[in-house]
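Pasted below: input-v4.tsv, TSV, N, CA and C atoms.
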```tsv
chain	number	residue	atom	x	y	z
A	1	MET	N	8.23	6.14	23.67
A	1	MET	CA	6.97	5.64	24.18
A	1	MET	C	6.31	4.80	23.08
A	2	ALA	N	5.67	3.74	23.48
A	2	ALA	CA	4.97	2.86	22.53
A	2	ALA	C	3.46	3.14	22.59
A	3	TYR	N	2.81	3.00	21.45
A	3	TYR	CA	1.37	3.20	21.34
A	3	TYR	C	0.75	1.93	20.77
A	4	THR	N	-0.25	1.41	21.45
A	4	THR	CA	-0.86	0.15	21.05
A	4	THR	C	-2.27	0.38	20.54
A	5	VAL	N	-2.54	-0.10	19.33
A	5	VAL	CA	-3.87	-0.07	18.75
A	5	VAL	C	-4.59	-1.32	19.25
A	6	ILE	N	-5.77	-1.13	19.83
A	6	ILE	CA	-6.56	-2.24	20.35
A	6	ILE	C	-7.92	-2.25	19.66
A	7	TRP	N	-8.21	-3.35	18.97
A	7	TRP	CA	-9.51	-3.53	18.32
A	7	TRP	C	-10.44	-4.19	19.30
A	8	LEU	N	-11.69	-3.71	19.39
A	8	LEU	CA	-12.64	-4.21	20.38
A	8	LEU	C	-13.93	-4.66	19.73
A	9	ARG	N	-14.53	-5.67	20.31
A	9	ARG	CA	-15.92	-6.05	20.02
A	9	ARG	C	-16.61	-6.01	21.37
A	10	GLY	N	-17.37	-4.93	21.60
A	10	GLY	CA	-17.90	-4.69	22.95
A	10	GLY	C	-16.71	-4.48	23.87
A	11	PRO	N	-16.71	-5.12	25.03
A	11	PRO	CA	-15.59	-4.95	25.96
A	11	PRO	C	-14.42	-5.90	25.68
A	12	LEU	N	-14.57	-6.79	24.70
A	12	LEU	CA	-13.55	-7.81	24.46
A	12	LEU	C	-12.51	-7.35	23.43
A	13	PRO	N	-11.23	-7.46	23.76
A	13	PRO	CA	-10.20	-7.12	22.78
A	13	PRO	C	-10.10	-8.21	21.71
A	14	LEU	N	-10.01	-7.79	20.45
A	14	LEU	CA	-9.89	-8.73	19.33
A	14	LEU	C	-8.45	-8.89	18.89
A	15	GLY	N	-7.65	-7.86	19.05
A	15	GLY	CA	-6.26	-7.91	18.62
A	15	GLY	C	-5.58	-6.59	18.88
A	16	THR	N	-4.26	-6.62	18.84
A	16	THR	CA	-3.47	-5.42	19.09
A	16	THR	C	-2.31	-5.34	18.12
A	17	LYS	N	-1.80	-4.12	17.96
A	17	LYS	CA	-0.57	-3.89	17.20
A	17	LYS	C	0.07	-2.64	17.80
A	18	THR	N	1.39	-2.69	18.01
A	18	THR	CA	2.09	-1.61	18.69
A	18	THR	C	2.98	-0.83	17.72
A	19	PHE	N	3.01	0.49	17.93
A	19	PHE	CA	3.80	1.41	17.10
A	19	PHE	C	4.62	2.31	18.01
A	20	ASP	N	5.71	2.85	17.47
A	20	ASP	CA	6.56	3.78	18.23
A	20	ASP	C	6.06	5.22	18.14
A	21	ILE	N	5.28	5.51	17.10
A	21	ILE	CA	4.82	6.89	16.86
A	21	ILE	C	3.29	6.91	16.85
A	22	LEU	N	2.72	7.85	17.59
A	22	LEU	CA	1.26	7.96	17.70
A	22	LEU	C	0.61	8.17	16.34
A	23	GLU	N	1.19	9.00	15.51
A	23	GLU	CA	0.61	9.27	14.19
A	23	GLU	C	0.54	8.01	13.33
A	24	ASP	N	1.55	7.15	13.43
A	24	ASP	CA	1.54	5.89	12.69
A	24	ASP	C	0.43	4.97	13.19
A	25	ALA	N	0.25	4.92	14.50
A	25	ALA	CA	-0.80	4.10	15.09
A	25	ALA	C	-2.18	4.59	14.66
A	26	ALA	N	-2.39	5.91	14.69
A	26	ALA	CA	-3.67	6.48	14.30
A	26	ALA	C	-3.95	6.24	12.81
A	27	ALA	N	-2.94	6.38	11.97
A	27	ALA	CA	-3.11	6.14	10.54
A	27	ALA	C	-3.47	4.67	10.28
A	28	TYR	N	-2.80	3.75	10.97
A	28	TYR	CA	-3.10	2.32	10.84
A	28	TYR	C	-4.54	2.03	11.25
A	29	ALA	N	-4.98	2.62	12.36
A	29	ALA	CA	-6.35	2.40	12.84
A	29	ALA	C	-7.36	2.91	11.82
A	30	GLU	N	-7.16	4.11	11.30
A	30	GLU	CA	-8.08	4.68	10.32
A	30	GLU	C	-8.12	3.87	9.03
A	31	GLU	N	-6.96	3.43	8.57
A	31	GLU	CA	-6.87	2.70	7.30
A	31	GLU	C	-7.54	1.32	7.38
A	32	ASN	N	-7.59	0.74	8.57
A	32	ASN	CA	-8.08	-0.63	8.71
A	32	ASN	C	-9.46	-0.74	9.35
A	33	LEU	N	-10.13	0.38	9.61
A	33	LEU	CA	-11.44	0.34	10.27
A	33	LEU	C	-12.44	-0.55	9.54
A	34	ALA	N	-12.63	-0.33	8.27
A	34	ALA	CA	-13.65	-1.07	7.52
A	34	ALA	C	-13.32	-2.56	7.44
A	35	ASP	N	-12.06	-2.89	7.21
A	35	ASP	CA	-11.68	-4.30	7.10
A	35	ASP	C	-11.88	-5.06	8.40
A	36	VAL	N	-11.46	-4.47	9.50
A	36	VAL	CA	-11.58	-5.15	10.80
A	36	VAL	C	-13.05	-5.26	11.21
A	37	GLN	N	-13.84	-4.25	10.90
A	37	GLN	CA	-15.27	-4.34	11.20
A	37	GLN	C	-15.91	-5.47	10.39
A	38	THR	N	-15.59	-5.55	9.12
A	38	THR	CA	-16.18	-6.57	8.25
A	38	THR	C	-15.73	-7.98	8.65
A	39	GLN	N	-14.45	-8.16	8.88
A	39	GLN	CA	-13.93	-9.49	9.17
A	39	GLN	C	-14.26	-9.99	10.57
A	40	PHE	N	-14.20	-9.09	11.57
A	40	PHE	CA	-14.30	-9.53	12.96
A	40	PHE	C	-15.44	-8.88	13.74
A	41	ASN	N	-16.28	-8.11	13.07
A	41	ASN	CA	-17.38	-7.40	13.74
A	41	ASN	C	-16.89	-6.49	14.87
A	42	ALA	N	-15.77	-5.83	14.66
A	42	ALA	CA	-15.26	-4.90	15.66
A	42	ALA	C	-16.24	-3.76	15.85
A	43	THR	N	-16.35	-3.29	17.08
A	43	THR	CA	-17.25	-2.18	17.38
A	43	THR	C	-16.52	-0.89	17.76
A	44	ALA	N	-15.20	-1.00	18.02
A	44	ALA	CA	-14.43	0.19	18.39
A	44	ALA	C	-12.94	-0.10	18.23
A	45	VAL	N	-12.18	0.98	18.14
A	45	VAL	CA	-10.73	0.89	18.14
A	45	VAL	C	-10.22	1.97	19.09
A	46	LYS	N	-9.20	1.62	19.87
A	46	LYS	CA	-8.60	2.63	20.75
A	46	LYS	C	-7.10	2.48	20.70
A	47	ILE	N	-6.42	3.58	21.04
A	47	ILE	CA	-4.96	3.59	21.11
A	47	ILE	C	-4.58	4.04	22.51
A	48	VAL	N	-3.72	3.27	23.15
A	48	VAL	CA	-3.23	3.60	24.49
A	48	VAL	C	-1.70	3.60	24.46
A	49	ASP	N	-1.10	4.41	25.36
A	49	ASP	CA	0.35	4.38	25.46
A	49	ASP	C	0.76	3.30	26.46
A	50	ASP	N	2.07	3.16	26.70
A	50	ASP	CA	2.54	2.08	27.57
A	50	ASP	C	2.18	2.28	29.04
A	51	GLU	N	1.65	3.45	29.39
A	51	GLU	CA	1.16	3.68	30.75
A	51	GLU	C	-0.34	3.45	30.84
A	52	GLY	N	-0.99	3.16	29.72
A	52	GLY	CA	-2.42	2.92	29.71
A	52	GLY	C	-3.27	4.15	29.44
A	53	THR	N	-2.64	5.28	29.19
A	53	THR	CA	-3.37	6.52	28.91
A	53	THR	C	-3.97	6.46	27.50
A	54	PRO	N	-5.28	6.65	27.38
A	54	PRO	CA	-5.89	6.61	26.04
A	54	PRO	C	-5.54	7.86	25.23
A	55	HIS	N	-5.30	7.65	23.94
A	55	HIS	CA	-4.98	8.76	23.03
A	55	HIS	C	-5.94	8.85	21.87
A	56	TYR	N	-6.76	7.82	21.66
A	56	TYR	CA	-7.64	7.77	20.50
A	56	TYR	C	-8.72	6.73	20.79
A	57	LEU	N	-9.94	7.06	20.50
A	57	LEU	CA	-11.03	6.10	20.64
A	57	LEU	C	-12.06	6.41	19.57
A	58	LYS	N	-12.45	5.42	18.83
A	58	LYS	CA	-13.46	5.63	17.80
A	58	LYS	C	-14.40	4.45	17.78
A	59	ALA	N	-15.69	4.72	17.89
A	59	ALA	CA	-16.71	3.69	17.75
A	59	ALA	C	-16.92	3.45	16.26
A	60	ILE	N	-17.17	2.21	15.91
A	60	ILE	CA	-17.40	1.84	14.52
A	60	ILE	C	-18.89	1.55	14.34
A	61	SER	N	-19.55	2.38	13.54
A	61	SER	CA	-20.98	2.16	13.33
A	61	SER	C	-21.19	1.10	12.26
A	62	ARG	N	-22.29	0.41	12.36
A	62	ARG	CA	-22.56	-0.69	11.43
A	62	ARG	C	-23.35	-0.24	10.26
```
In structure tokens, how does this file's structure come out?
Amino acid sequence: MAYTVIWLRGPLPLGTKTFDILEDAAAYAEENLADVQTQFNATAVKIVDDEGTPHYLKAISR
């Protein structure tokens, strides 16, 4: 199963990156929160599997 990290600004997707392992996707999201918020004003990050089921959602406070 594939897991896709989706960076959001409000309801708009800013970018995605896909991983084969959920733990790798979650680690990538956590490690890059501050950078993506600073560069692109992201407001949230979520991880979904290839069926669209959410596995992780985190709002980014300013």
Spatial neighbours of Leu8 in chain A, max dist 6.5 Å, only N, CA and C atoms, sep filter under 2 positions, as a ChimeraX atom specification: /A:6,10-15,41-46
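When atom C of Ile47 in chain A is paired with atom N of Thr4 in chain A, their separation reads 5.2 Å.
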Ala26 in chain A surroundings by only C-alpha atoms, 10 Å radius, close-in-sequence under 4 positions cut, as a list in words: Tyr3, Thr4, Val5, Phe19, Ile21, Leu22, Glu30, Glu31, Val45, Lys46, Ile47, His55, Tyr56 and Leu57 of chain A
Filtered DSSP result for range 1-61 of chain A, state strand (DSSP E), as a PyMOL selection string: chain A and resi 3-9+12-19+44-49+54-59
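Note that the spacing between CA of Thr38 in chain A and CA of Lys58 in chain A amounts to 15.7 Å.
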Å distance separating CA of Glu23 in chain A from CA of Thr53 in chain A, one decimal place: 15.5 Å
Helix (DSSP H, G or I) per DSSP on the backbone: members of chain A, as a list in words: Leu22, Glu23, Asp24, Ala25, Ala26, Ala27, Tyr28, Ala29, Glu30, Glu31, Asn32, Leu33, Ala34, Asp35, Val36, Gln37, Thr38, Gln39 and Phe40 of chain A
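Closest approach to Ser61 in chain A among A:Leu33, A:Ala25, A:Trp7, A:Asp49 is made by A:Leu33 (distances from only C-alpha atoms).
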Residue completion, range 32-58 of chain A, N, CA, C and O atoms, as a PDB file, in the coordinates of the input:
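Once everything was written out, this is part_23.pdb:
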```pdb
ATOM      1  N   ASN A  32      -7.590   0.740   8.570  1.00  0.00           N
ATOM      2  CA  ASN A  32      -8.080  -0.630   8.710  1.00  0.00           C
ATOM      3  C   ASN A  32      -9.460  -0.740   9.350  1.00  0.00           C
ATOM      4  O   ASN A  32      -9.926  -1.860   9.595  1.00  0.00           O
ATOM      5  N   LEU A  33     -10.130   0.380   9.610  1.00  0.00           N
ATOM      6  CA  LEU A  33     -11.440   0.340  10.270  1.00  0.00           C
ATOM      7  C   LEU A  33     -12.440  -0.550   9.540  1.00  0.00           C
ATOM      8  O   LEU A  33     -13.038  -1.450  10.142  1.00  0.00           O
ATOM      9  N   ALA A  34     -12.630  -0.330   8.270  1.00  0.00           N
ATOM     10  CA  ALA A  34     -13.650  -1.070   7.520  1.00  0.00           C
ATOM     11  C   ALA A  34     -13.320  -2.560   7.440  1.00  0.00           C
ATOM     12  O   ALA A  34     -14.208  -3.402   7.626  1.00  0.00           O
ATOM     13  N   ASP A  35     -12.060  -2.890   7.210  1.00  0.00           N
ATOM     14  CA  ASP A  35     -11.680  -4.300   7.100  1.00  0.00           C
ATOM     15  C   ASP A  35     -11.880  -5.060   8.400  1.00  0.00           C
ATOM     16  O   ASP A  35     -12.408  -6.166   8.416  1.00  0.00           O
ATOM     17  N   VAL A  36     -11.460  -4.470   9.500  1.00  0.00           N
ATOM     18  CA  VAL A  36     -11.580  -5.150  10.800  1.00  0.00           C
ATOM     19  C   VAL A  36     -13.050  -5.260  11.210  1.00  0.00           C
ATOM     20  O   VAL A  36     -13.470  -6.278  11.760  1.00  0.00           O
ATOM     21  N   GLN A  37     -13.840  -4.250  10.900  1.00  0.00           N
ATOM     22  CA  GLN A  37     -15.270  -4.340  11.200  1.00  0.00           C
ATOM     23  C   GLN A  37     -15.910  -5.470  10.390  1.00  0.00           C
ATOM     24  O   GLN A  37     -16.661  -6.283  10.922  1.00  0.00           O
ATOM     25  N   THR A  38     -15.590  -5.550   9.120  1.00  0.00           N
ATOM     26  CA  THR A  38     -16.180  -6.570   8.250  1.00  0.00           C
ATOM     27  C   THR A  38     -15.730  -7.980   8.650  1.00  0.00           C
ATOM     28  O   THR A  38     -16.559  -8.883   8.767  1.00  0.00           O
ATOM     29  N   GLN A  39     -14.450  -8.160   8.880  1.00  0.00           N
ATOM     30  CA  GLN A  39     -13.930  -9.490   9.170  1.00  0.00           C
ATOM     31  C   GLN A  39     -14.260  -9.990  10.570  1.00  0.00           C
ATOM     32  O   GLN A  39     -14.532 -11.168  10.762  1.00  0.00           O
ATOM     33  N   PHE A  40     -14.200  -9.090  11.570  1.00  0.00           N
ATOM     34  CA  PHE A  40     -14.300  -9.530  12.960  1.00  0.00           C
ATOM     35  C   PHE A  40     -15.440  -8.880  13.740  1.00  0.00           C
ATOM     36  O   PHE A  40     -15.540  -9.074  14.946  1.00  0.00           O
ATOM     37  N   ASN A  41     -16.280  -8.110  13.070  1.00  0.00           N
ATOM     38  CA  ASN A  41     -17.380  -7.400  13.740  1.00  0.00           C
ATOM     39  C   ASN A  41     -16.890  -6.490  14.870  1.00  0.00           C
ATOM     40  O   ASN A  41     -17.527  -6.404  15.924  1.00  0.00           O
ATOM     41  N   ALA A  42     -15.770  -5.830  14.660  1.00  0.00           N
ATOM     42  CA  ALA A  42     -15.260  -4.900  15.660  1.00  0.00           C
ATOM     43  C   ALA A  42     -16.240  -3.760  15.850  1.00  0.00           C
ATOM     44  O   ALA A  42     -16.892  -3.323  14.912  1.00  0.00           O
ATOM     45  N   THR A  43     -16.350  -3.290  17.080  1.00  0.00           N
ATOM     46  CA  THR A  43     -17.250  -2.180  17.380  1.00  0.00           C
ATOM     47  C   THR A  43     -16.520  -0.890  17.760  1.00  0.00           C
ATOM     48  O   THR A  43     -17.121   0.165  17.813  1.00  0.00           O
ATOM     49  N   ALA A  44     -15.200  -1.000  18.020  1.00  0.00           N
ATOM     50  CA  ALA A  44     -14.430   0.190  18.390  1.00  0.00           C
ATOM     51  C   ALA A  44     -12.940  -0.100  18.230  1.00  0.00           C
ATOM     52  O   ALA A  44     -12.513  -1.251  18.194  1.00  0.00           O
ATOM     53  N   VAL A  45     -12.180   0.980  18.140  1.00  0.00           N
ATOM     54  CA  VAL A  45     -10.730   0.890  18.140  1.00  0.00           C
ATOM     55  C   VAL A  45     -10.220   1.970  19.090  1.00  0.00           C
ATOM     56  O   VAL A  45     -10.772   3.065  19.145  1.00  0.00           O
ATOM     57  N   LYS A  46      -9.200   1.620  19.870  1.00  0.00           N
ATOM     58  CA  LYS A  46      -8.600   2.630  20.750  1.00  0.00           C
ATOM     59  C   LYS A  46      -7.100   2.480  20.700  1.00  0.00           C
ATOM     60  O   LYS A  46      -6.570   1.430  20.346  1.00  0.00           O
ATOM     61  N   ILE A  47      -6.420   3.580  21.040  1.00  0.00           N
ATOM     62  CA  ILE A  47      -4.960   3.590  21.110  1.00  0.00           C
ATOM     63  C   ILE A  47      -4.580   4.040  22.510  1.00  0.00           C
ATOM     64  O   ILE A  47      -5.082   5.064  23.000  1.00  0.00           O
ATOM     65  N   VAL A  48      -3.720   3.270  23.150  1.00  0.00           N
ATOM     66  CA  VAL A  48      -3.230   3.600  24.490  1.00  0.00           C
ATOM     67  C   VAL A  48      -1.700   3.600  24.460  1.00  0.00           C
ATOM     68  O   VAL A  48      -1.088   2.901  23.667  1.00  0.00           O
ATOM     69  N   ASP A  49      -1.100   4.410  25.360  1.00  0.00           N
ATOM     70  CA  ASP A  49       0.350   4.380  25.460  1.00  0.00           C
ATOM     71  C   ASP A  49       0.760   3.300  26.460  1.00  0.00           C
ATOM     72  O   ASP A  49      -0.084   2.597  27.012  1.00  0.00           O
ATOM     73  N   ASP A  50       2.070   3.160  26.700  1.00  0.00           N
ATOM     74  CA  ASP A  50       2.540   2.080  27.570  1.00  0.00           C
ATOM     75  C   ASP A  50       2.180   2.280  29.040  1.00  0.00           C
ATOM     76  O   ASP A  50       2.342   1.373  29.839  1.00  0.00           O
ATOM     77  N   GLU A  51       1.650   3.450  29.390  1.00  0.00           N
ATOM     78  CA  GLU A  51       1.160   3.680  30.750  1.00  0.00           C
ATOM     79  C   GLU A  51      -0.340   3.450  30.840  1.00  0.00           C
ATOM     80  O   GLU A  51      -0.922   3.588  31.911  1.00  0.00           O
ATOM     81  N   GLY A  52      -0.990   3.160  29.720  1.00  0.00           N
ATOM     82  CA  GLY A  52      -2.420   2.920  29.710  1.00  0.00           C
ATOM     83  C   GLY A  52      -3.270   4.150  29.440  1.00  0.00           C
ATOM     84  O   GLY A  52      -4.493   4.077  29.447  1.00  0.00           O
ATOM     85  N   THR A  53      -2.640   5.280  29.190  1.00  0.00           N
ATOM     86  CA  THR A  53      -3.370   6.520  28.910  1.00  0.00           C
ATOM     87  C   THR A  53      -3.970   6.460  27.500  1.00  0.00           C
ATOM     88  O   THR A  53      -3.238   6.223  26.542  1.00  0.00           O
ATOM     89  N   PRO A  54      -5.280   6.650  27.380  1.00  0.00           N
ATOM     90  CA  PRO A  54      -5.890   6.610  26.040  1.00  0.00           C
ATOM     91  C   PRO A  54      -5.540   7.860  25.230  1.00  0.00           C
ATOM     92  O   PRO A  54      -5.498   8.960  25.763  1.00  0.00           O
ATOM     93  N   HIS A  55      -5.300   7.650  23.940  1.00  0.00           N
ATOM     94  CA  HIS A  55      -4.980   8.760  23.030  1.00  0.00           C
ATOM     95  C   HIS A  55      -5.940   8.850  21.870  1.00  0.00           C
ATOM     96  O   HIS A  55      -5.957   9.835  21.149  1.00  0.00           O
ATOM     97  N   TYR A  56      -6.760   7.820  21.660  1.00  0.00           N
ATOM     98  CA  TYR A  56      -7.640   7.770  20.500  1.00  0.00           C
ATOM     99  C   TYR A  56      -8.720   6.730  20.790  1.00  0.00           C
ATOM    100  O   TYR A  56      -8.414   5.667  21.305  1.00  0.00           O
ATOM    101  N   LEU A  57      -9.940   7.060  20.500  1.00  0.00           N
ATOM    102  CA  LEU A  57     -11.030   6.100  20.640  1.00  0.00           C
ATOM    103  C   LEU A  57     -12.060   6.410  19.570  1.00  0.00           C
ATOM    104  O   LEU A  57     -12.461   7.576  19.418  1.00  0.00           O
ATOM    105  N   LYS A  58     -12.450   5.420  18.830  1.00  0.00           N
ATOM    106  CA  LYS A  58     -13.460   5.630  17.800  1.00  0.00           C
ATOM    107  C   LYS A  58     -14.400   4.450  17.780  1.00  0.00           C
ATOM    108  O   LYS A  58     -13.975   3.292  17.665  1.00  0.00           O
TER     109      LYS A  58
END
```
